[in-house]
>>> print(open('protein.pdb').read())   # PDB, C-alpha atoms, pLDDT in the B column
MODEL        1
ATOM      1  CA  MET A   1       0.000   0.000   0.000  1.00 66.00           C
ATOM      2  CA  THR A   2       1.276   3.445  -0.897  1.00 71.00           C
ATOM      3  CA  ARG A   3       1.760   5.912   1.942  1.00 79.00           C
ATOM      4  CA  LEU A   4      -1.433   7.786   2.800  1.00 90.00           C
ATOM      5  CA  PRO A   5      -1.600  11.558   3.238  1.00 91.00           C
ATOM      6  CA  ALA A   6      -1.739  12.572   6.899  1.00 90.00           C
ATOM      7  CA  ASP A   7      -5.365  13.726   6.633  1.00 94.00           C
ATOM      8  CA  TRP A   8      -6.656  10.465   5.121  1.00 97.00           C
ATOM      9  CA  THR A   9      -7.923   7.613   7.299  1.00 95.00           C
ATOM     10  CA  LEU A  10      -8.218   4.176   5.730  1.00 95.00           C
ATOM     11  CA  THR A  11     -10.258   1.516   7.523  1.00 91.00           C
ATOM     12  CA  ARG A  12      -9.805  -2.001   6.232  1.00 87.00           C
ATOM     13  CA  ARG A  13     -10.322  -5.490   7.627  1.00 77.00           C
ATOM     14  CA  ALA A  14      -7.131  -7.341   8.382  1.00 71.00           C
ATOM     15  CA  GLY A  15      -6.465 -10.196   5.996  1.00 71.00           C
ATOM     16  CA  VAL A  16      -9.302  -9.289   3.627  1.00 74.00           C
ATOM     17  CA  ASP A  17      -8.655  -8.141   0.068  1.00 84.00           C
ATOM     18  CA  ALA A  18     -11.709  -5.904  -0.399  1.00 88.00           C
ATOM     19  CA  PRO A  19     -12.873  -5.238  -3.979  1.00 93.00           C
ATOM     20  CA  LEU A  20     -14.741  -2.036  -3.066  1.00 95.00           C
ATOM     21  CA  LEU A  21     -13.688   1.272  -1.515  1.00 96.00           C
ATOM     22  CA  VAL A  22     -16.136   3.791  -0.059  1.00 97.00           C
ATOM     23  CA  ALA A  23     -14.431   7.203  -0.114  1.00 97.00           C
ATOM     24  CA  TYR A  24     -15.783  10.423   1.305  1.00 97.00           C
ATOM     25  CA  PRO A  25     -14.579  13.905   2.299  1.00 96.00           C
ATOM     26  CA  THR A  26     -15.392  15.273   5.732  1.00 95.00           C
ATOM     27  CA  VAL A  27     -15.021  18.540   7.651  1.00 92.00           C
ATOM     28  CA  PRO A  28     -14.516  19.446  11.330  1.00 91.00           C
ATOM     29  CA  GLY A  29     -17.686  19.160  13.384  1.00 92.00           C
ATOM     30  CA  ARG A  30     -18.941  16.059  11.610  1.00 92.00           C
ATOM     31  CA  GLU A  31     -16.967  13.497  13.551  1.00 94.00           C
ATOM     32  CA  ASP A  32     -20.112  11.723  14.756  1.00 95.00           C
ATOM     33  CA  ASP A  33     -21.509  11.614  11.219  1.00 94.00           C
ATOM     34  CA  ALA A  34     -18.294  10.136   9.855  1.00 95.00           C
ATOM     35  CA  ALA A  35     -18.149   7.582  12.676  1.00 95.00           C
ATOM     36  CA  ARG A  36     -21.743   6.518  11.927  1.00 95.00           C
ATOM     37  CA  LEU A  37     -20.913   6.027   8.249  1.00 95.00           C
ATOM     38  CA  ASP A  38     -17.754   4.046   9.023  1.00 93.00           C
ATOM     39  CA  ALA A  39     -19.645   1.808  11.455  1.00 92.00           C
ATOM     40  CA  ALA A  40     -22.442   1.158   8.968  1.00 92.00           C
ATOM     41  CA  ILE A  41     -19.958   0.160   6.287  1.00 91.00           C
ATOM     42  CA  ALA A  42     -18.178  -2.179   8.693  1.00 87.00           C
ATOM     43  CA  ALA A  43     -21.514  -3.888   9.426  1.00 84.00           C
ATOM     44  CA  GLN A  44     -22.480  -4.521   5.798  1.00 74.00           C
ATOM     45  CA  ARG A  45     -23.528  -8.089   4.986  1.00 58.00           C
ATOM     46  CA  VAL A  46     -24.373  -9.723   1.682  1.00 49.00           C
ATOM     47  CA  GLU A  47     -27.523 -11.128   3.274  1.00 51.00           C
ATOM     48  CA  GLU A  48     -28.920 -11.443   6.753  1.00 49.00           C
ATOM     49  CA  GLY A  49     -26.803 -13.949   8.649  1.00 53.00           C
ATOM     50  CA  GLY A  50     -24.406 -14.308   5.733  1.00 51.00           C
ATOM     51  CA  PRO A  51     -20.752 -13.372   5.348  1.00 51.00           C
ATOM     52  CA  ARG A  52     -19.685  -9.766   5.718  1.00 64.00           C
ATOM     53  CA  PHE A  53     -19.293  -7.929   2.444  1.00 77.00           C
ATOM     54  CA  PRO A  54     -15.658  -6.817   2.172  1.00 80.00           C
ATOM     55  CA  ALA A  55     -15.442  -3.064   1.727  1.00 91.00           C
ATOM     56  CA  ASP A  56     -12.826  -0.567   2.872  1.00 93.00           C
ATOM     57  CA  THR A  57     -13.490   3.019   3.934  1.00 95.00           C
ATOM     58  CA  LEU A  58     -11.417   6.095   3.117  1.00 97.00           C
ATOM     59  CA  ARG A  59     -12.139   9.234   5.150  1.00 97.00           C
ATOM     60  CA  MET A  60     -10.576  12.362   3.591  1.00 97.00           C
ATOM     61  CA  GLU A  61     -10.088  15.656   5.431  1.00 96.00           C
ATOM     62  CA  GLY A  62      -8.820  19.006   4.213  1.00 92.00           C
ATOM     63  CA  TYR A  63     -10.685  19.254   0.902  1.00 94.00           C
ATOM     64  CA  ALA A  64     -12.634  22.303  -0.213  1.00 91.00           C
ATOM     65  CA  THR A  65     -14.842  20.369  -2.657  1.00 93.00           C
ATOM     66  CA  CYS A  66     -16.191  16.888  -3.300  1.00 94.00           C
ATOM     67  CA  GLY A  67     -14.741  16.984  -6.797  1.00 96.00           C
ATOM     68  CA  GLU A  68     -11.168  17.381  -5.563  1.00 97.00           C
ATOM     69  CA  ALA A  69     -11.561  14.616  -2.972  1.00 97.00           C
ATOM     70  CA  TRP A  70     -13.264  12.252  -5.392  1.00 97.00           C
ATOM     71  CA  ASN A  71     -10.557  12.784  -8.029  1.00 97.00           C
ATOM     72  CA  ASP A  72      -7.830  11.865  -5.528  1.00 97.00           C
ATOM     73  CA  ALA A  73      -9.811   8.946  -4.083  1.00 97.00           C
ATOM     74  CA  ALA A  74     -10.535   7.363  -7.465  1.00 97.00           C
ATOM     75  CA  ALA A  75      -6.933   7.706  -8.595  1.00 96.00           C
ATOM     76  CA  TRP A  76      -5.700   6.173  -5.335  1.00 96.00           C
ATOM     77  CA  ALA A  77      -8.217   3.319  -5.551  1.00 96.00           C
ATOM     78  CA  ALA A  78      -7.005   2.456  -9.052  1.00 95.00           C
ATOM     79  CA  SER A  79      -3.370   2.480  -7.921  1.00 94.00           C
ATOM     80  CA  GLU A  80      -4.232   0.158  -5.013  1.00 94.00           C
ATOM     81  CA  GLY A  81      -6.044  -2.412  -7.121  1.00 94.00           C
ATOM     82  CA  TYR A  82      -9.651  -1.870  -6.067  1.00 95.00           C
ATOM     83  CA  ARG A  83     -12.283  -2.884  -8.614  1.00 96.00           C
ATOM     84  CA  PHE A  84     -15.094  -0.586  -7.475  1.00 97.00           C
ATOM     85  CA  VAL A  85     -15.419   2.808  -5.783  1.00 98.00           C
ATOM     86  CA  VAL A  86     -18.418   4.418  -4.113  1.00 98.00           C
ATOM     87  CA  LEU A  87     -18.024   8.191  -3.837  1.00 98.00           C
ATOM     88  CA  ALA A  88     -20.004   9.275  -0.806  1.00 96.00           C
ATOM     89  CA  ALA A  89     -20.477  12.081   1.724  1.00 94.00           C
ATOM     90  CA  ASP A  90     -20.010  12.028   5.489  1.00 94.00           C
ATOM     91  CA  ASP A  91     -23.692  12.516   6.419  1.00 94.00           C
ATOM     92  CA  LEU A  92     -24.891   9.376   4.633  1.00 96.00           C
ATOM     93  CA  GLU A  93     -25.617   5.905   6.023  1.00 96.00           C
ATOM     94  CA  PRO A  94     -25.919   2.775   3.835  1.00 95.00           C
ATOM     95  CA  ALA A  95     -28.833   0.404   4.277  1.00 93.00           C
ATOM     96  CA  ALA A  96     -28.199  -3.295   4.828  1.00 88.00           C
ATOM     97  CA  GLY A  97     -26.902  -4.940   1.666  1.00 89.00           C
ATOM     98  CA  CYS A  98     -26.209  -1.583   0.006  1.00 93.00           C
ATOM     99  CA  LEU A  99     -22.604  -2.218  -0.970  1.00 93.00           C
ATOM    100  CA  ALA A 100     -23.249  -5.761  -2.159  1.00 90.00           C
ATOM    101  CA  ALA A 101     -25.968  -4.370  -4.433  1.00 93.00           C
ATOM    102  CA  ALA A 102     -23.523  -1.797  -5.821  1.00 95.00           C
ATOM    103  CA  ALA A 103     -20.865  -4.415  -6.509  1.00 94.00           C
ATOM    104  CA  ALA A 104     -23.374  -6.697  -8.237  1.00 94.00           C
ATOM    105  CA  ALA A 105     -24.559  -3.894 -10.516  1.00 97.00           C
ATOM    106  CA  LEU A 106     -21.041  -2.766 -11.367  1.00 97.00           C
ATOM    107  CA  ALA A 107     -19.966  -6.335 -12.115  1.00 96.00           C
ATOM    108  CA  MET A 108     -22.819  -6.504 -14.650  1.00 97.00           C
ATOM    109  CA  GLY A 109     -21.674  -3.268 -16.293  1.00 98.00           C
ATOM    110  CA  TRP A 110     -24.142  -0.660 -15.051  1.00 98.00           C
ATOM    111  CA  SER A 111     -23.890   2.093 -12.468  1.00 98.00           C
ATOM    112  CA  PRO A 112     -26.567   1.921  -9.750  1.00 98.00           C
ATOM    113  CA  SER A 113     -28.421   5.128  -8.982  1.00 98.00           C
ATOM    114  CA  ALA A 114     -28.995   5.263  -5.251  1.00 98.00           C
ATOM    115  CA  LEU A 115     -32.330   5.310  -3.486  1.00 98.00           C
ATOM    116  CA  ILE A 116     -31.819   8.155  -0.997  1.00 98.00           C
ATOM    117  CA  VAL A 117     -34.225   8.899   1.859  1.00 97.00           C
ATOM    118  CA  THR A 118     -34.166  11.647   4.466  1.00 95.00           C
ATOM    119  CA  ALA A 119     -33.145  10.192   7.813  1.00 93.00           C
ATOM    120  CA  GLU A 120     -35.527  12.339   9.848  1.00 91.00           C
ATOM    121  CA  THR A 121     -38.749  11.520   7.970  1.00 94.00           C
ATOM    122  CA  ASN A 122     -37.822   8.584   5.709  1.00 94.00           C
ATOM    123  CA  ALA A 123     -39.159  10.599   2.757  1.00 96.00           C
ATOM    124  CA  VAL A 124     -37.709   9.804  -0.653  1.00 96.00           C
ATOM    125  CA  GLU A 125     -35.207  12.425  -1.790  1.00 95.00           C
ATOM    126  CA  SER A 126     -33.991  10.873  -4.998  1.00 96.00           C
ATOM    127  CA  HIS A 127     -33.755   7.665  -6.961  1.00 97.00           C
ATOM    128  CA  GLY A 128     -31.871   9.229  -9.833  1.00 95.00           C
ATOM    129  CA  ASP A 129     -34.807  11.612 -10.289  1.00 95.00           C
ATOM    130  CA  TRP A 130     -35.922  13.875  -7.437  1.00 94.00           C
ATOM    131  CA  GLY A 131     -38.799  12.613  -5.310  1.00 94.00           C
ATOM    132  CA  ARG A 132     -39.269   9.402  -7.310  1.00 94.00           C
ATOM    133  CA  ILE A 133     -38.846   5.739  -6.428  1.00 96.00           C
ATOM    134  CA  TYR A 134     -38.597   2.918  -8.948  1.00 97.00           C
ATOM    135  CA  PRO A 135     -39.039  -0.860  -8.628  1.00 94.00           C
ATOM    136  CA  GLY A 136     -36.409  -3.533  -8.833  1.00 90.00           C
ATOM    137  CA  GLU A 137     -32.762  -3.600  -9.782  1.00 95.00           C
ATOM    138  CA  GLY A 138     -31.626  -2.118 -13.058  1.00 96.00           C
ATOM    139  CA  ASN A 139     -35.074  -1.802 -14.600  1.00 95.00           C
ATOM    140  CA  THR A 140     -35.267   1.972 -15.025  1.00 97.00           C
ATOM    141  CA  PRO A 141     -32.825   4.408 -16.679  1.00 97.00           C
ATOM    142  CA  VAL A 142     -32.607   7.631 -14.649  1.00 97.00           C
ATOM    143  CA  SER A 143     -31.271  11.128 -15.136  1.00 94.00           C
ATOM    144  CA  MET A 144     -28.210  10.907 -12.878  1.00 95.00           C
ATOM    145  CA  THR A 145     -26.368   9.271 -10.010  1.00 95.00           C
ATOM    146  CA  ARG A 146     -26.091  11.196  -6.728  1.00 95.00           C
ATOM    147  CA  ILE A 147     -23.845   8.792  -4.807  1.00 97.00           C
ATOM    148  CA  PRO A 148     -21.671   7.642  -7.687  1.00 98.00           C
ATOM    149  CA  ALA A 149     -20.700   3.975  -7.760  1.00 98.00           C
ATOM    150  CA  ILE A 150     -18.193   3.169 -10.480  1.00 98.00           C
ATOM    151  CA  ARG A 151     -15.685   0.681 -11.742  1.00 98.00           C
ATOM    152  CA  VAL A 152     -12.251   2.203 -11.261  1.00 97.00           C
ATOM    153  CA  GLU A 153     -11.569   2.110 -15.018  1.00 97.00           C
ATOM    154  CA  TRP A 154     -14.575   4.368 -15.617  1.00 97.00           C
ATOM    155  CA  TRP A 155     -13.162   7.256 -13.627  1.00 96.00           C
ATOM    156  CA  ARG A 156     -12.096  10.400 -15.442  1.00 95.00           C
ATOM    157  CA  PRO A 157     -11.122  13.618 -13.630  1.00 96.00           C
ATOM    158  CA  ILE A 158     -13.948  16.062 -12.984  1.00 96.00           C
ATOM    159  CA  PRO A 159     -13.739  19.778 -12.212  1.00 96.00           C
ATOM    160  CA  PRO A 160     -12.735  20.817  -8.654  1.00 96.00           C
ATOM    161  CA  ILE A 161     -16.319  21.660  -7.704  1.00 95.00           C
ATOM    162  CA  HIS A 162     -18.516  20.834  -4.727  1.00 92.00           C
ATOM    163  CA  TYR A 163     -21.960  21.400  -6.171  1.00 90.00           C
ATOM    164  CA  TYR A 164     -22.652  19.535  -9.422  1.00 94.00           C
ATOM    165  CA  SER A 165     -19.804  17.097  -8.800  1.00 96.00           C
ATOM    166  CA  ASP A 166     -22.273  14.216  -9.085  1.00 96.00           C
ATOM    167  CA  ASN A 167     -23.612  15.741 -12.314  1.00 96.00           C
ATOM    168  CA  ALA A 168     -20.066  15.731 -13.655  1.00 97.00           C
ATOM    169  CA  VAL A 169     -19.609  12.033 -12.844  1.00 97.00           C
ATOM    170  CA  THR A 170     -22.937  11.358 -14.554  1.00 97.00           C
ATOM    171  CA  THR A 171     -21.685  13.160 -17.666  1.00 96.00           C
ATOM    172  CA  VAL A 172     -18.568  10.983 -17.735  1.00 96.00           C
ATOM    173  CA  LEU A 173     -20.581   7.777 -17.385  1.00 97.00           C
ATOM    174  CA  ARG A 174     -22.966   8.766 -20.151  1.00 95.00           C
ATOM    175  CA  HIS A 175     -20.121   9.478 -22.560  1.00 93.00           C
ATOM    176  CA  LEU A 176     -18.572   6.134 -21.725  1.00 95.00           C
ATOM    177  CA  ASP A 177     -21.966   4.557 -22.560  1.00 96.00           C
ATOM    178  CA  VAL A 178     -22.347   3.198 -19.026  1.00 97.00           C
ATOM    179  CA  PRO A 179     -26.055   2.674 -18.205  1.00 98.00           C
ATOM    180  CA  ILE A 180     -27.235   4.528 -15.090  1.00 98.00           C
ATOM    181  CA  LEU A 181     -30.129   2.532 -13.679  1.00 98.00           C
ATOM    182  CA  ALA A 182     -32.230   2.801 -10.526  1.00 98.00           C
ATOM    183  CA  SER A 183     -31.343   0.350  -7.771  1.00 98.00           C
ATOM    184  CA  ARG A 184     -33.537  -0.355  -4.747  1.00 96.00           C
ATOM    185  CA  GLY A 185     -30.718  -2.276  -3.082  1.00 95.00           C
ATOM    186  CA  PHE A 186     -28.236   0.607  -3.297  1.00 96.00           C
ATOM    187  CA  ALA A 187     -30.108   2.519  -0.588  1.00 97.00           C
ATOM    188  CA  TRP A 188     -28.911   5.278   1.753  1.00 97.00           C
ATOM    189  CA  ARG A 189     -30.195   7.521   4.542  1.00 97.00           C
ATOM    190  CA  HIS A 190     -29.235  11.213   4.374  1.00 96.00           C
ATOM    191  CA  TYR A 191     -28.803  13.073   7.669  1.00 94.00           C
ATOM    192  CA  TRP A 192     -28.223  16.575   6.275  1.00 84.00           C
ATOM    193  CA  ALA A 193     -25.422  17.456   8.704  1.00 72.00           C
ATOM    194  CA  GLN A 194     -25.189  21.193   9.244  1.00 71.00           C
ATOM    195  CA  ALA A 195     -21.662  21.529  10.640  1.00 62.00           C
ATOM    196  CA  GLY A 196     -19.375  23.059   8.059  1.00 59.00           C
ATOM    197  CA  ARG A 197     -22.133  23.932   5.610  1.00 63.00           C
ATOM    198  CA  ILE A 198     -20.749  26.405   3.103  1.00 62.00           C
ATOM    199  CA  SER A 199     -21.783  30.023   3.560  1.00 57.00           C
ATOM    200  CA  GLY A 200     -22.780  31.900   0.434  1.00 56.00           C
ATOM    201  CA  VAL A 201     -24.182  28.732  -1.070  1.00 63.00           C
ATOM    202  CA  GLY A 202     -26.028  30.580  -3.818  1.00 75.00           C
ATOM    203  CA  GLU A 203     -22.922  32.294  -5.143  1.00 83.00           C
ATOM    204  CA  GLN A 204     -20.740  29.197  -5.005  1.00 85.00           C
ATOM    205  CA  ALA A 205     -23.429  27.007  -6.524  1.00 85.00           C
ATOM    206  CA  ALA A 206     -23.817  29.451  -9.412  1.00 91.00           C
ATOM    207  CA  ARG A 207     -20.077  29.518 -10.070  1.00 91.00           C
ATOM    208  CA  GLU A 208     -19.800  25.767  -9.924  1.00 93.00           C
ATOM    209  CA  ARG A 209     -22.822  25.249 -12.129  1.00 93.00           C
ATOM    210  CA  ASP A 210     -21.005  27.360 -14.731  1.00 95.00           C
ATOM    211  CA  ALA A 211     -17.869  25.220 -14.341  1.00 95.00           C
ATOM    212  CA  TYR A 212     -19.928  22.050 -14.667  1.00 95.00           C
ATOM    213  CA  THR A 213     -21.781  23.398 -17.731  1.00 95.00           C
ATOM    214  CA  ILE A 214     -18.457  24.106 -19.450  1.00 96.00           C
ATOM    215  CA  PHE A 215     -17.234  20.591 -18.582  1.00 95.00           C
ATOM    216  CA  GLU A 216     -20.443  19.062 -19.919  1.00 94.00           C
ATOM    217  CA  ARG A 217     -20.349  21.119 -23.119  1.00 93.00           C
ATOM    218  CA  GLU A 218     -16.717  20.278 -23.816  1.00 91.00           C
ATOM    219  CA  THR A 219     -17.403  16.604 -23.227  1.00 88.00           C
ATOM    220  CA  ILE A 220     -20.385  16.650 -25.580  1.00 77.00           C
ATOM    221  CA  THR A 221     -18.686  18.661 -28.328  1.00 70.00           C
ATOM    222  CA  THR A 222     -15.718  16.302 -28.381  1.00 62.00           C
ATOM    223  CA  ASN A 223     -18.061  13.305 -28.237  1.00 57.00           C
ATOM    224  CA  GLY A 224     -16.174  12.102 -25.196  1.00 49.00           C
ATOM    225  CA  ARG A 225     -12.778  11.979 -26.923  1.00 49.00           C
ATOM    226  CA  ASN A 226     -11.275  14.203 -24.220  1.00 49.00           C
ATOM    227  CA  LEU A 227     -12.184  11.515 -21.689  1.00 53.00           C
TER     228      LEU A 227
ENDMDL
END
>>> encode(input="protein.pdb", output="C-alpha cells")
Amino acid sequence: MTRLPADWTLTRRAGVDAPLLVAYPTVPGREDDAARLDAAIAAQRVEEGGPRFPADTLRMEGYATCGEAWNDAAAWAASEGYRFVVLAADDLEPAAGCLAAAAAALAMGWSPSALIVTAETNAVESHGDWGRIYPGEGNTPVSMTRIPAIRVEWWRPIPPIHYYSDNAVTTVLRHLDVPILASRGFAWRHYWAQAGRISGVGEQAARERDAYTIFERETITTNGRNL
C-alpha cells in the first residue's frame, strides 16, 4: 500500500482483500456523522446472517470540494487495485446490503443510482430523479447518479467543484456509454449534517454550475474523446 496523506484515514479489515472502496470527504464538526458512516460500512452483509461484504473506507479531510476529494480517491483506488469505488459524503448511512448491491450492478456493467431517503422523515429524496422511487434492480434508466458507484476504469477527472460534482460524474458515465439505472438495493439515509455547511451557497453554486456546464459542453462537443 502506498503511503497515505496525513489527513486520510483508511479503515480495512485485516487479511481481507476488499474489492470495493467507499471514499468520502469530511469537515470538522462532523466526527459523529463520519463515525456513523464508518460503522455502517463495517456492518455490511451480503444477506442477513451471511458473510460480511468486504469493503474498505477512506475518510478524507482538508478538501474544499467533493470533486477534488473524489478525483484523488478514485486515482488512489485504481493504484491500489480496487475494482469498485463508491463516492459518498459524510452525512450518509448505507442500508443493509447496500454495498453488495452496488458491486453486483457494477460487475454486470451498469452504475446503480442510489435510493436516498431523508433520515428524519424517511421521505424519498432521490432515486436518480428527485422525489421518485422505482421498482427492482436495473429496470429503469434515470437522469443521474447522486452517490456515484463506479468501476475504477470508468473514472475520469472532474472539475474541482462541490456542487454539481455528481452531475459531472454522470456526464462521464454517459459518454462512456455506461447505463445509469435505478437500484432499490443501493439505498442510503441522508442526515443533512449542518456543521461546516458552506456560507454563500447561492454564489458558489452558481459559479460551480457554470464550471460544470463548461465541462459538460466540452465533453459533448468532443463526443467524449477528451475523456
>>> resolve_selection(input="protein.pdb", expression="the PyMOL selection byres ((chain A and resi 12) around 7)", output="short mmCIF file (atom, residue, chain, number, x, y, z; two decimals) with C-alpha atoms, in the coordinates of the input")
data_model
loop_
_atom_site.label_atom_id
_atom_site.label_comp_id
_atom_site.auth_asym_id
_atom_site.auth_seq_id
_atom_site.Cartn_x
_atom_site.Cartn_y
_atom_site.Cartn_z
CA LEU A 10 -8.22 4.18 5.73
CA THR A 11 -10.26 1.52 7.52
CA ARG A 13 -10.32 -5.49 7.63
CA ALA A 14 -7.13 -7.34 8.38
CA ASP A 56 -12.83 -0.57 2.87
CA THR A 57 -13.49 3.02 3.93
#
>>> closest_residue(input="protein.pdb", among="A:Tyr134, A:Tyr82, A:Phe53, A:Phe215", to="Pro157 of chain A", atoms="all atoms listed in the file")
A:Phe215
>>> residues_around(input="protein.pdb", residues="Ala105 of chain A", least_positions_apart="6", cutoff="10 Å", atoms="all atoms listed in the file", output="number ranges by chain")
A: 99, 111-113, 137-138, 149-150, 180-181, 183, 185-186
>>> write_last_selection(input="protein.pdb", atoms="C-alpha atoms", output="JSON list (two decimals), keeping the file's coordinate frame")
[["chain", "number", "residue", "atom", "x", "y", "z"],
["A", 99, "LEU", "CA", -22.60, -2.22, -0.97],
["A", 111, "SER", "CA", -23.89, 2.09, -12.47],
["A", 112, "PRO", "CA", -26.57, 1.92, -9.75],
["A", 113, "SER", "CA", -28.42, 5.13, -8.98],
["A", 137, "GLU", "CA", -32.76, -3.60, -9.78],
["A", 138, "GLY", "CA", -31.63, -2.12, -13.06],
["A", 149, "ALA", "CA", -20.70, 3.98, -7.76],
["A", 150, "ILE", "CA", -18.19, 3.17, -10.48],
["A", 180, "ILE", "CA", -27.24, 4.53, -15.09],
["A", 181, "LEU", "CA", -30.13, 2.53, -13.68],
["A", 183, "SER", "CA", -31.34, 0.35, -7.77],
["A", 185, "GLY", "CA", -30.72, -2.28, -3.08],
["A", 186, "PHE", "CA", -28.24, 0.61, -3.30]]
>>> closest_residue(input="protein.pdb", among="A:Val172, A:Met60, A:Ile147, A:Ile158", to="Thr9 of chain A", atoms="all atoms listed in the file")
A:Met60
>>> closest_residue(input="protein.pdb", among="A:Ala40, A:Val152, A:Ala104, A:Ala89", to="Thr65 of chain A", atoms="all atoms listed in the file")
A:Ala89
>>> closest_residue(input="protein.pdb", among="A:Pro19, A:Gly62, A:Pro28, A:Pro94", to="Ala77 of chain A", atoms="only C-alpha atoms")
A:Pro19
>>> residues_around(input="protein.pdb", residues="segment 115-125 of chain A", least_positions_apart="3", cutoff="12 Å", atoms="all atoms listed in the file", output="MDAnalysis selection string")
chainID A and resid 88 91:95 98 101:102 112 128:137 142 144:148 181:193
>>> atom_distance(input="protein.pdb", atom1="atom CA of His127 of chain A", atom2="atom CA of Tyr163 of chain A")
18.1 Å
>>> atom_distance(input="protein.pdb", atom1="atom CA of Pro5 of chain A", atom2="atom CA of Gln44 of chain A")
26.5 Å
>>> atom_distance(input="protein.pdb", atom1="atom CA of Asp166 of chain A", atom2="atom CA of Ala23 of chain A")
13.8 Å
>>> residues_near_point(input="protein.pdb", point="(-23.0, 8.9, -19.3)", cutoff="12 Å", atoms="all atoms listed in the file", output="PDB file with C-alpha atoms, in the coordinates of the input")
ATOM      1  CA  TRP A 110     -24.142  -0.660 -15.051  1.00 98.00           C
ATOM      2  CA  SER A 111     -23.890   2.093 -12.468  1.00 98.00           C
ATOM      3  CA  PRO A 141     -32.825   4.408 -16.679  1.00 97.00           C
ATOM      4  CA  VAL A 142     -32.607   7.631 -14.649  1.00 97.00           C
ATOM      5  CA  SER A 143     -31.271  11.128 -15.136  1.00 94.00           C
ATOM      6  CA  MET A 144     -28.210  10.907 -12.878  1.00 95.00           C
ATOM      7  CA  THR A 145     -26.368   9.271 -10.010  1.00 95.00           C
ATOM      8  CA  PRO A 148     -21.671   7.642  -7.687  1.00 98.00           C
ATOM      9  CA  ILE A 150     -18.193   3.169 -10.480  1.00 98.00           C
ATOM     10  CA  TRP A 154     -14.575   4.368 -15.617  1.00 97.00           C
ATOM     11  CA  TRP A 155     -13.162   7.256 -13.627  1.00 96.00           C
ATOM     12  CA  ARG A 156     -12.096  10.400 -15.442  1.00 95.00           C
ATOM     13  CA  ASP A 166     -22.273  14.216  -9.085  1.00 96.00           C
ATOM     14  CA  ASN A 167     -23.612  15.741 -12.314  1.00 96.00           C
ATOM     15  CA  ALA A 168     -20.066  15.731 -13.655  1.00 97.00           C
ATOM     16  CA  VAL A 169     -19.609  12.033 -12.844  1.00 97.00           C
ATOM     17  CA  THR A 170     -22.937  11.358 -14.554  1.00 97.00           C
ATOM     18  CA  THR A 171     -21.685  13.160 -17.666  1.00 96.00           C
ATOM     19  CA  VAL A 172     -18.568  10.983 -17.735  1.00 96.00           C
ATOM     20  CA  LEU A 173     -20.581   7.777 -17.385  1.00 97.00           C
ATOM     21  CA  ARG A 174     -22.966   8.766 -20.151  1.00 95.00           C
ATOM     22  CA  HIS A 175     -20.121   9.478 -22.560  1.00 93.00           C
ATOM     23  CA  LEU A 176     -18.572   6.134 -21.725  1.00 95.00           C
ATOM     24  CA  ASP A 177     -21.966   4.557 -22.560  1.00 96.00           C
ATOM     25  CA  VAL A 178     -22.347   3.198 -19.026  1.00 97.00           C
ATOM     26  CA  PRO A 179     -26.055   2.674 -18.205  1.00 98.00           C
ATOM     27  CA  ILE A 180     -27.235   4.528 -15.090  1.00 98.00           C
ATOM     28  CA  LEU A 181     -30.129   2.532 -13.679  1.00 98.00           C
ATOM     29  CA  GLU A 216     -20.443  19.062 -19.919  1.00 94.00           C
ATOM     30  CA  THR A 219     -17.403  16.604 -23.227  1.00 88.00           C
ATOM     31  CA  ILE A 220     -20.385  16.650 -25.580  1.00 77.00           C
ATOM     32  CA  ASN A 223     -18.061  13.305 -28.237  1.00 57.00           C
ATOM     33  CA  GLY A 224     -16.174  12.102 -25.196  1.00 49.00           C
ATOM     34  CA  LEU A 227     -12.184  11.515 -21.689  1.00 53.00           C
TER      35      LEU A 227
END
>>> closest_residue(input="protein.pdb", among="A:Gly67, A:Gly109, A:Gly81, A:Pro25", to="Ala211 of chain A", atoms="only C-alpha atoms")
A:Gly67
>>> closest_residue(input="protein.pdb", among="A:Ile41, A:Met108, A:Cys66, A:Asp33", to="Glu208 of chain A", atoms="all atoms listed in the file")
A:Cys66
>>> decode(input="protein.pdb", residues="segment 119-128 of chain A", atoms="N, CA and C atoms", output="JSON list (two decimals), in the first residue's frame")
[["chain", "number", "residue", "atom", "x", "y", "z"],
["A", 119, "ALA", "N", -33.19, 10.96, 6.57],
["A", 119, "ALA", "CA", -33.14, 10.19, 7.81],
["A", 119, "ALA", "C", -34.25, 10.59, 8.78],
["A", 120, "GLU", "N", -34.57, 11.86, 8.85],
["A", 120, "GLU", "CA", -35.53, 12.34, 9.85],
["A", 120, "GLU", "C", -36.95, 11.85, 9.57],
["A", 121, "THR", "N", -37.35, 11.84, 8.31],
["A", 121, "THR", "CA", -38.75, 11.52, 7.97],
["A", 121, "THR", "C", -38.90, 10.28, 7.11],
["A", 122, "ASN", "N", -37.80, 9.73, 6.62],
["A", 122, "ASN", "CA", -37.82, 8.58, 5.71],
["A", 122, "ASN", "C", -38.49, 8.91, 4.37],
["A", 123, "ALA", "N", -38.59, 10.19, 4.04],
["A", 123, "ALA", "CA", -39.16, 10.60, 2.76],
["A", 123, "ALA", "C", -38.13, 10.39, 1.66],
["A", 124, "VAL", "N", -38.61, 10.03, 0.48],
["A", 124, "VAL", "CA", -37.71, 9.80, -0.65],
["A", 124, "VAL", "C", -37.17, 11.14, -1.16],
["A", 125, "GLU", "N", -35.85, 11.25, -1.20],
["A", 125, "GLU", "CA", -35.21, 12.43, -1.79],
["A", 125, "GLU", "C", -35.00, 12.21, -3.29],
["A", 126, "SER", "N", -34.37, 11.10, -3.61],
["A", 126, "SER", "CA", -33.99, 10.87, -5.00],
["A", 126, "SER", "C", -33.80, 9.39, -5.25],
["A", 127, "HIS", "N", -34.08, 9.00, -6.48],
["A", 127, "HIS", "CA", -33.76, 7.66, -6.96],
["A", 127, "HIS", "C", -33.20, 7.81, -8.38],
["A", 128, "GLY", "N", -32.35, 8.82, -8.52],
["A", 128, "GLY", "CA", -31.87, 9.23, -9.83],
["A", 128, "GLY", "C", -32.67, 10.38, -10.38]]
